[in-house]
Structures are given as structure tokens and as C-alpha cells.
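In what follows, a single structure is set out as C-alpha cells and then discussed.
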Amino acid sequence: MKSMTGYGIAQVQGTDLTIEVSFRAVNGRYLETRFHTPRLYYSFESELKKKLSSVILRGTVDVYVSRKMKSSAASSRVVGNSKLALEYLKVFKKLSTDLRLKDPVRLEQIAKMPDVIHVEDVDTINANEITMLKKAFDAALKKIDIERQREGQALKKDLIKNLKDLQKYVLRISKLRDEANKILQERFEAKIRARLAKDVAGATAVDSQRISQEIVIQLEKADINEEITRLAEHLKNFEKIIEAPVVEGKKLDFYTQELLREVNTIGSKSQVAGITEAVVESKTLIERIREQVQNIE
């Protein structure tokens with residue numbers, strides 16, 4: 001089991017260059033990768049993304065890559081845009097004429113204008129730098145994977161504990177089922193007798209067979225046996241997924257929704273205080289499980 005959240009960082013140093021790669025992963029319904037790399041590395045993003053997707057299957061992952069050259073190494077250059085500077089000069093001169101200004105246009109004014117002077121990277125990458133980039137990327141990817149596995153084991157431990165507690169409440173509900181049905185039977189019988197007695201307008205005899213049929217129909221509607229059976233099956237499947245070699249968070253999320261559905265149905269049918277209390281505790285546990293499941297890959 002792996003968590004979708006994690007962090008990993010690695011650095012590779014060369015003679016004149018240091019490359020650092022860091023990963024930050026958070027929850028997400030699908031795999032979404034966002035690369036933040038120097039322009040020189042844009043062409044390698046596709047290859048790096050394939051490596052990432054072979055390890056991380058789900059979540060939102062930010063990848064940060066920094067490239068630091070030693071001061072003695074030429075990693076960038078200052079470039080001046082003469083054509084753009086000339087256009088600015090023409091505009092300045094025209095404005096001076098239109099406004100009848102005598103102040104001369106200075107080079108410093110033009111140099112401060114956008115894009116006239118800028119710094120750009122030297123567009124050279126050798127084979128050694130490519131190797132360093134991939135090495136740093138692989139090392140950082142391995143670290144975040146280890147971190148996600150470690151967090152996944154902690155999640156698994158908590159999930160198992162919450163599942164066991166939930167099973168106890170389901171067992172309690174199951175044991176209270178007969179008591180609930182007995183109470184419901186008595187209530188239904190009293191209501192139906194009162195209603196039938198009113199229908200026959202004072203007759204001394206009431207059709208016992210009709211009473212029995214009405215009670216059976218009402219008990220079938222209110223009985224929680226099917227919900228308890230489905231709950232037990234969902235819990236069993238949940239445990240199987242947790243113990244599988246590859247745990248799928250989406251499947252666990254589905255079963256969490258089904259667990260909540262069955263518990264809510266039991267709660268709507270319950271007329272016994274013990275069952276209602278067990279339902280409230282079960283819903284609290286399922287909410288905890290839901291939050292944990294949303295962190296699983």
C-alpha cells in the first residue's frame with residue numbers, strides 16, 4: 001500500500017554544475033504531473049514523465065528541477081535587442097518633438113525598457129549533463145516512492161484498526177436484530193389491530209390471518225438482515241484489497257461509500273436505542289476510513 005502524499009529530493013554534483021530534483025505529491029483522482037524545469041530541459045520532460053508514471057500511478061505531482069553552474073562556468077549571457085531599442089528611441093524622439101521637450105534621450109532610459117536587455121541561458125547541454133539530470137531524477141523518484149510506501153504502511157495499520165472496530169459495531173447490530181424485530185412486531189401488531197378494529201366498525205372478531213400477513217409485510221420492510229449481510233461482505237472485500245500486493249485506492253473508496261450506504265439504511269430503519277448508538281459510532285469510523293482511503297494511491 002502506498003500513500004499519494006510524499007516528498008523526495010536528490011542532488012547530483014559535477015565539476016561545474018549541480019542539478020537538484022525534488023518531488024512533491026498530494027492527493028488526486030488521477031495522475032497529474034507538473035514539471036518546473038529550466039528551459040534547457042523542456043525536451044526531456046516527456047521521457048521523465050514516463051519514468052514517473054511507472055512508479056507513481058495516482059496523485060498530483062510537482063517536479064522541480066534546478067540547474068546551478070559555478071561562477072567560473074559560463075551558464076548564461078547578457079543579450080541586447082538593438083532593433084527594439086531603436087524603436088523605443090524613435091518613440092521617445094517623437095514624444096519629445098510633440099511635447100516640445102529639449103531633454104536628450106539617454107541610453108539608460110532605453111536600457112530600462114522591457115526586453116531591451118535580458119539574460120538568457122547558454123543553449124548547450126552535453127551528454128554528461130543529461131546523465132546527471134537522469135541520475136538526480138531517478139534518485140529523487142526512489143526517495144519519494146520510499147516515503148509513500150512508509151506512509152502507506154502507517155495508513156494500513158490505522159485502516160485495519162478502524163475496520164476491526166467497525167466489525168465490532170456491525171456484530172453488535174447483528175445481535176440486536178432479533179430484539180429489534182420483536183419490538184417492531186409488537187408495535188406493528190398493536191397498530192394493525194387498532195386499525196382493523198376500526199375498519200370492522202365495532203366487530204368483536206379480528207381476522208388473525210390478515211394480522212399475520214400485515215405484520216410479515218411490515219417486518220420484511222423494516223428488517224435489517226440484508227444490510228447486515230452486505231456490510232459483512234463489503235468488510236470482507238475491503239480486507240482483501242488491503243492485503244493485496246497492489247492496493248487500489250479507487251476500489252477502497254467505492255467500498256467505503258457502500259459501507260456508509262448500508263449503515264445509513266440501518267439507521268433509518270432502527271427503532272432500538274442500541275442499534276442507533278452503534279450506527280452513530282459506525283458512521284464516525286467510516287468517515288475516518290474515508291479520509292484515510294483518500295490518501296491511498
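Residues are referred to by chain and number: the chain letter is A, B, ... according to the order shown in the C-alpha cells, the number counts from 1 in that chain, and ligands are numbered separately from 1 in the order shown.
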
Which residues are close to Lys251 (chain A), i.e. within 12 Å by only C-alpha atoms, leaving aside same-chain residues fewer than 6 positions away? Reply as a PyMOL selection string. chain A and resi 234+237-242+244+257-258+290+293-294+296-297

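Computed from the coordinates, the CA of Arg34 (chain A) to CA of Lys143 (chain A) distance equals 18.1 Å.
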
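Ranking A:Ile9, A:Leu99, A:Ala278, A:Leu52 by their shortest atom-to-atom distance to Lys175 (chain A), with only C-alpha atoms included, puts A:Ala278 first.
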
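Distances here use only C-alpha atoms; by that measure, the residue among A:Gly274, A:Val12, A:His36, A:Arg29 closest to Lys68 (chain A) is A:Val12.
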
Closest to Asp165 (chain A) among A:Arg58, A:Lys283, A:Lys135, A:Lys102, using only C-alpha atoms? A:Lys283

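Take the candidates A:Val65, A:Val263, A:Ile117, A:Ile125 and check each one against Arg77 (chain A) using only C-alpha atoms; the shortest distance goes to A:Ile117.
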
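Our summary of the geometry notes that CA of Thr284 (chain A) is positioned 17.2 Å from CA of Ser270 (chain A).
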
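Of the listed residues (A:Pro245, A:Gly152, A:Gly8, A:Gly59), A:Gly59 comes nearest to Leu31 (chain A); the distances count only C-alpha atoms.
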
Enter the distance from CA of Leu17 (chain A) to CA of Met69 (chain A), in Å, rounded to one decimal. 4.5 Å

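Secondary structure by DSSP on the backbone puts the following residues of region 38-274 of chain A in strand (DSSP E): Gly59, Thr60, Val61, Asp62, Val63, Tyr64, Val65, Ser66, Arg67, Lys68, Met69, Ser76, Arg77, Val78, Val79, Gly80, Ile117, His118, Val119, Glu120 and Asp121 of chain A.
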
Selection to disk with N, CA and C atoms, as a PDB file, in the first residue's frame:
```pdb
ATOM      1  N   GLY A  59      -2.317  10.690  -8.206  1.00  0.00           N
ATOM      2  CA  GLY A  59      -1.969  11.828  -7.366  1.00  0.00           C
ATOM      3  C   GLY A  59      -1.510  13.007  -8.208  1.00  0.00           C
ATOM      4  N   THR A  60      -1.385  14.150  -7.570  1.00  0.00           N
ATOM      5  CA  THR A  60      -0.881  15.352  -8.225  1.00  0.00           C
ATOM      6  C   THR A  60       0.578  15.535  -7.815  1.00  0.00           C
ATOM      7  N   VAL A  61       1.466  15.510  -8.798  1.00  0.00           N
ATOM      8  CA  VAL A  61       2.904  15.511  -8.524  1.00  0.00           C
ATOM      9  C   VAL A  61       3.560  16.734  -9.156  1.00  0.00           C
ATOM     10  N   ASP A  62       4.228  17.520  -8.336  1.00  0.00           N
ATOM     11  CA  ASP A  62       5.034  18.640  -8.823  1.00  0.00           C
ATOM     12  C   ASP A  62       6.492  18.213  -8.839  1.00  0.00           C
ATOM     13  N   VAL A  63       7.157  18.456  -9.972  1.00  0.00           N
ATOM     14  CA  VAL A  63       8.571  18.112 -10.125  1.00  0.00           C
ATOM     15  C   VAL A  63       9.357  19.397 -10.329  1.00  0.00           C
ATOM     16  N   TYR A  64      10.286  19.654  -9.435  1.00  0.00           N
ATOM     17  CA  TYR A  64      11.104  20.862  -9.510  1.00  0.00           C
ATOM     18  C   TYR A  64      12.543  20.470  -9.843  1.00  0.00           C
ATOM     19  N   VAL A  65      13.104  21.106 -10.880  1.00  0.00           N
ATOM     20  CA  VAL A  65      14.477  20.828 -11.298  1.00  0.00           C
ATOM     21  C   VAL A  65      15.242  22.148 -11.330  1.00  0.00           C
ATOM     22  N   SER A  66      16.361  22.178 -10.622  1.00  0.00           N
ATOM     23  CA  SER A  66      17.206  23.382 -10.646  1.00  0.00           C
ATOM     24  C   SER A  66      18.571  23.030 -11.222  1.00  0.00           C
ATOM     25  N   ARG A  67      19.130  23.975 -11.941  1.00  0.00           N
ATOM     26  CA  ARG A  67      20.430  23.806 -12.609  1.00  0.00           C
ATOM     27  C   ARG A  67      21.328  24.960 -12.178  1.00  0.00           C
ATOM     28  N   LYS A  68      22.358  24.657 -11.411  1.00  0.00           N
ATOM     29  CA  LYS A  68      23.229  25.703 -10.875  1.00  0.00           C
ATOM     30  C   LYS A  68      24.658  25.508 -11.381  1.00  0.00           C
ATOM     31  N   MET A  69      25.132  26.521 -12.097  1.00  0.00           N
ATOM     32  CA  MET A  69      26.506  26.499 -12.593  1.00  0.00           C
ATOM     33  C   MET A  69      27.411  27.246 -11.614  1.00  0.00           C
ATOM     34  N   SER A  76      25.208  31.557 -18.631  1.00  0.00           N
ATOM     35  CA  SER A  76      24.248  32.493 -19.215  1.00  0.00           C
ATOM     36  C   SER A  76      24.984  33.661 -19.843  1.00  0.00           C
ATOM     37  N   ARG A  77      24.252  34.456 -20.581  1.00  0.00           N
ATOM     38  CA  ARG A  77      24.853  35.629 -21.235  1.00  0.00           C
ATOM     39  C   ARG A  77      23.842  36.767 -21.288  1.00  0.00           C
ATOM     40  N   VAL A  78      24.374  37.978 -21.340  1.00  0.00           N
ATOM     41  CA  VAL A  78      23.536  39.167 -21.420  1.00  0.00           C
ATOM     42  C   VAL A  78      23.367  39.538 -22.880  1.00  0.00           C
ATOM     43  N   VAL A  79      22.125  39.730 -23.281  1.00  0.00           N
ATOM     44  CA  VAL A  79      21.825  39.997 -24.694  1.00  0.00           C
ATOM     45  C   VAL A  79      21.069  41.315 -24.803  1.00  0.00           C
ATOM     46  N   GLY A  80      21.479  42.132 -25.790  1.00  0.00           N
ATOM     47  CA  GLY A  80      20.782  43.384 -26.046  1.00  0.00           C
ATOM     48  C   GLY A  80      20.023  43.322 -27.369  1.00  0.00           C
ATOM     49  N   ILE A 117      17.260  44.672 -22.759  1.00  0.00           N
ATOM     50  CA  ILE A 117      18.408  43.902 -22.268  1.00  0.00           C
ATOM     51  C   ILE A 117      17.875  42.773 -21.386  1.00  0.00           C
ATOM     52  N   HIS A 118      18.299  41.551 -21.660  1.00  0.00           N
ATOM     53  CA  HIS A 118      17.867  40.415 -20.845  1.00  0.00           C
ATOM     54  C   HIS A 118      18.971  39.367 -20.769  1.00  0.00           C
ATOM     55  N   VAL A 119      18.804  38.459 -19.816  1.00  0.00           N
ATOM     56  CA  VAL A 119      19.776  37.385 -19.617  1.00  0.00           C
ATOM     57  C   VAL A 119      19.175  36.083 -20.117  1.00  0.00           C
ATOM     58  N   GLU A 120      19.925  35.337 -20.889  1.00  0.00           N
ATOM     59  CA  GLU A 120      19.439  34.044 -21.386  1.00  0.00           C
ATOM     60  C   GLU A 120      20.492  32.958 -21.138  1.00  0.00           C
ATOM     61  N   ASP A 121      19.972  31.733 -20.982  1.00  0.00           N
ATOM     62  CA  ASP A 121      20.869  30.598 -20.763  1.00  0.00           C
ATOM     63  C   ASP A 121      21.649  30.287 -22.026  1.00  0.00           C
TER      64      ASP A 121
END
```

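The smallest atom-to-atom distance between Ile275 (chain A) and any of A:Val55, A:Leu235, A:Leu171, A:Ala194, using only C-alpha atoms, is found for A:Leu171.
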
Expected answer as a VMD selection string: helix (DSSP H, G or I) residues in region 74-280 of chain A: chain A and resid 82 to 99 107 to 111 127 to 199 208 to 222 225 to 243 249 to 269 273 to 280

Suppose we keep C-alpha atoms; can you now write the selection as a compact mmCIF listing (two decimals), in the first residue's frame?
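Written out: part-v3.txt:
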```txt
# COMPACT_ATOMS: atom_id res chain seq x y z
CA SER A 82 19.19 46.64 -30.80
CA LYS A 83 16.14 46.67 -33.08
CA LEU A 84 13.77 47.02 -30.16
CA ALA A 85 15.98 49.73 -28.60
CA LEU A 86 15.85 51.65 -31.88
CA GLU A 87 12.06 51.51 -31.89
CA TYR A 88 11.98 52.88 -28.35
CA LEU A 89 14.39 55.65 -29.40
CA LYS A 90 12.11 56.66 -32.28
CA VAL A 91 9.10 56.82 -29.97
CA PHE A 92 11.00 58.84 -27.37
CA LYS A 93 12.18 61.33 -30.02
CA LYS A 94 8.69 61.70 -31.42
CA LEU A 95 7.27 62.30 -27.94
CA SER A 96 9.96 64.92 -27.29
CA THR A 97 9.06 66.69 -30.52
CA ASP A 98 5.31 66.51 -29.88
CA LEU A 99 5.73 67.76 -26.33
CA LEU A 107 20.82 55.25 -23.23
CA GLU A 108 19.99 54.44 -19.61
CA GLN A 109 16.33 55.26 -20.27
CA ILE A 110 16.12 52.93 -23.25
CA ALA A 111 18.02 50.15 -21.47
CA ALA A 127 25.99 14.09 -22.62
CA ASN A 128 27.38 14.30 -19.09
CA GLU A 129 24.75 16.84 -18.05
CA ILE A 130 21.97 14.66 -19.44
CA THR A 131 23.32 11.74 -17.41
CA MET A 132 23.42 13.91 -14.29
CA LEU A 133 19.82 15.02 -14.84
CA LYS A 134 18.54 11.46 -15.18
CA LYS A 135 20.56 10.29 -12.20
CA ALA A 136 19.17 13.05 -9.97
CA PHE A 137 15.64 12.40 -11.23
CA ASP A 138 15.85 8.64 -10.57
CA ALA A 139 17.28 9.19 -7.07
CA ALA A 140 14.55 11.68 -6.12
CA LEU A 141 11.87 9.39 -7.57
CA LYS A 142 13.17 6.50 -5.49
CA LYS A 143 13.12 8.62 -2.33
CA ILE A 144 9.55 9.78 -2.80
CA ASP A 145 8.47 6.21 -3.53
CA ILE A 146 10.05 5.01 -0.26
CA GLU A 147 8.33 7.86 1.58
CA ARG A 148 4.96 6.98 0.02
CA GLN A 149 5.40 3.32 0.97
CA ARG A 150 6.26 4.27 4.56
CA GLU A 151 3.19 6.48 4.84
CA GLY A 152 1.14 3.73 3.18
CA GLN A 153 2.10 1.23 5.87
CA ALA A 154 1.04 3.70 8.56
CA LEU A 155 -2.28 4.16 6.76
CA LYS A 156 -2.73 0.40 6.51
CA LYS A 157 -2.19 0.00 10.25
CA ASP A 158 -4.83 2.64 11.03
CA LEU A 159 -7.25 1.22 8.47
CA ILE A 160 -7.03 -2.27 9.95
CA LYS A 161 -7.69 -0.92 13.44
CA ASN A 162 -10.71 1.09 12.29
CA LEU A 163 -12.05 -1.89 10.33
CA LYS A 164 -11.84 -4.14 13.38
CA ASP A 165 -13.69 -1.54 15.45
CA LEU A 166 -16.31 -1.25 12.71
CA GLN A 167 -16.74 -5.03 12.63
CA LYS A 168 -17.45 -4.98 16.37
CA TYR A 169 -20.27 -2.48 15.88
CA VAL A 170 -21.69 -4.48 12.97
CA LEU A 171 -21.64 -7.57 15.20
CA ARG A 172 -23.42 -5.60 17.93
CA ILE A 173 -26.09 -4.51 15.44
CA SER A 174 -26.49 -8.11 14.30
CA LYS A 175 -27.01 -9.32 17.87
CA LEU A 176 -29.63 -6.62 18.49
CA ARG A 177 -31.54 -7.51 15.32
CA ASP A 178 -33.78 -10.12 16.96
CA GLU A 179 -34.64 -7.72 19.77
CA ALA A 180 -35.41 -5.02 17.22
CA ASN A 181 -37.68 -7.34 15.23
CA LYS A 182 -39.51 -8.40 18.38
CA ILE A 183 -40.16 -4.78 19.35
CA LEU A 184 -41.25 -3.96 15.82
CA GLN A 185 -43.57 -6.96 15.75
CA GLU A 186 -45.27 -5.85 18.94
CA ARG A 187 -45.66 -2.31 17.64
CA PHE A 188 -46.95 -3.41 14.25
CA GLU A 189 -49.38 -5.84 15.81
CA ALA A 190 -50.80 -3.19 18.12
CA LYS A 191 -51.16 -0.67 15.28
CA ILE A 192 -52.70 -3.16 12.86
CA ARG A 193 -55.17 -4.49 15.45
CA ALA A 194 -56.24 -0.95 16.23
CA ARG A 195 -56.66 -0.16 12.55
CA LEU A 196 -58.54 -3.36 11.72
CA ALA A 197 -60.76 -2.97 14.74
CA LYS A 198 -61.69 0.48 13.47
CA ASP A 199 -62.32 -0.89 9.98
CA SER A 208 -55.85 -13.18 12.73
CA GLN A 209 -54.55 -14.33 9.33
CA ARG A 210 -54.82 -10.83 7.95
CA ILE A 211 -52.98 -9.51 11.01
CA SER A 212 -50.17 -12.02 10.49
CA GLN A 213 -49.85 -11.08 6.82
CA GLU A 214 -49.65 -7.38 7.62
CA ILE A 215 -47.04 -8.00 10.32
CA VAL A 216 -44.90 -10.11 7.99
CA ILE A 217 -45.04 -7.43 5.27
CA GLN A 218 -44.06 -4.67 7.69
CA LEU A 219 -41.27 -6.73 9.29
CA GLU A 220 -39.79 -7.52 5.88
CA LYS A 221 -39.63 -3.82 5.13
CA ALA A 222 -38.05 -2.96 8.47
CA ASN A 225 -30.75 -8.62 7.86
CA GLU A 226 -29.91 -7.81 4.22
CA GLU A 227 -27.99 -4.70 5.22
CA ILE A 228 -26.02 -6.63 7.84
CA THR A 229 -25.18 -9.33 5.28
CA ARG A 230 -23.99 -6.76 2.74
CA LEU A 231 -21.97 -4.94 5.38
CA ALA A 232 -20.17 -8.17 6.27
CA GLU A 233 -19.45 -8.83 2.59
CA HIS A 234 -18.15 -5.30 1.98
CA LEU A 235 -15.86 -5.54 5.01
CA LYS A 236 -14.55 -8.88 3.76
CA ASN A 237 -13.78 -7.42 0.31
CA PHE A 238 -12.24 -4.34 1.90
CA GLU A 239 -9.81 -6.52 3.85
CA LYS A 240 -8.89 -8.50 0.73
CA ILE A 241 -7.98 -5.31 -1.14
CA ILE A 242 -5.87 -4.03 1.76
CA GLU A 243 -3.86 -7.25 1.88
CA GLY A 249 -7.40 3.33 -3.58
CA LYS A 250 -10.32 3.77 -6.00
CA LYS A 251 -11.75 0.36 -5.07
CA LEU A 252 -11.40 1.11 -1.38
CA ASP A 253 -13.19 4.42 -1.93
CA PHE A 254 -16.07 2.56 -3.62
CA TYR A 255 -16.46 0.10 -0.75
CA THR A 256 -16.30 2.94 1.77
CA GLN A 257 -19.30 4.53 0.06
CA GLU A 258 -21.14 1.20 0.13
CA LEU A 259 -20.40 0.73 3.84
CA LEU A 260 -21.83 4.16 4.57
CA ARG A 261 -24.89 3.44 2.42
CA GLU A 262 -25.74 0.25 4.34
CA VAL A 263 -25.15 1.84 7.75
CA ASN A 264 -27.38 4.80 6.82
CA THR A 265 -30.14 2.42 5.76
CA ILE A 266 -29.90 0.56 9.07
CA GLY A 267 -30.06 3.89 10.88
CA SER A 268 -33.22 4.90 9.02
CA LYS A 269 -34.91 1.59 9.98
CA ALA A 273 -31.53 2.69 21.03
CA GLY A 274 -28.65 0.18 20.99
CA ILE A 275 -28.70 -0.07 17.21
CA THR A 276 -28.92 3.70 16.82
CA GLU A 277 -25.86 4.16 19.03
CA ALA A 278 -23.94 1.52 17.07
CA VAL A 279 -24.92 3.24 13.81
CA VAL A 280 -23.63 6.61 15.04
```
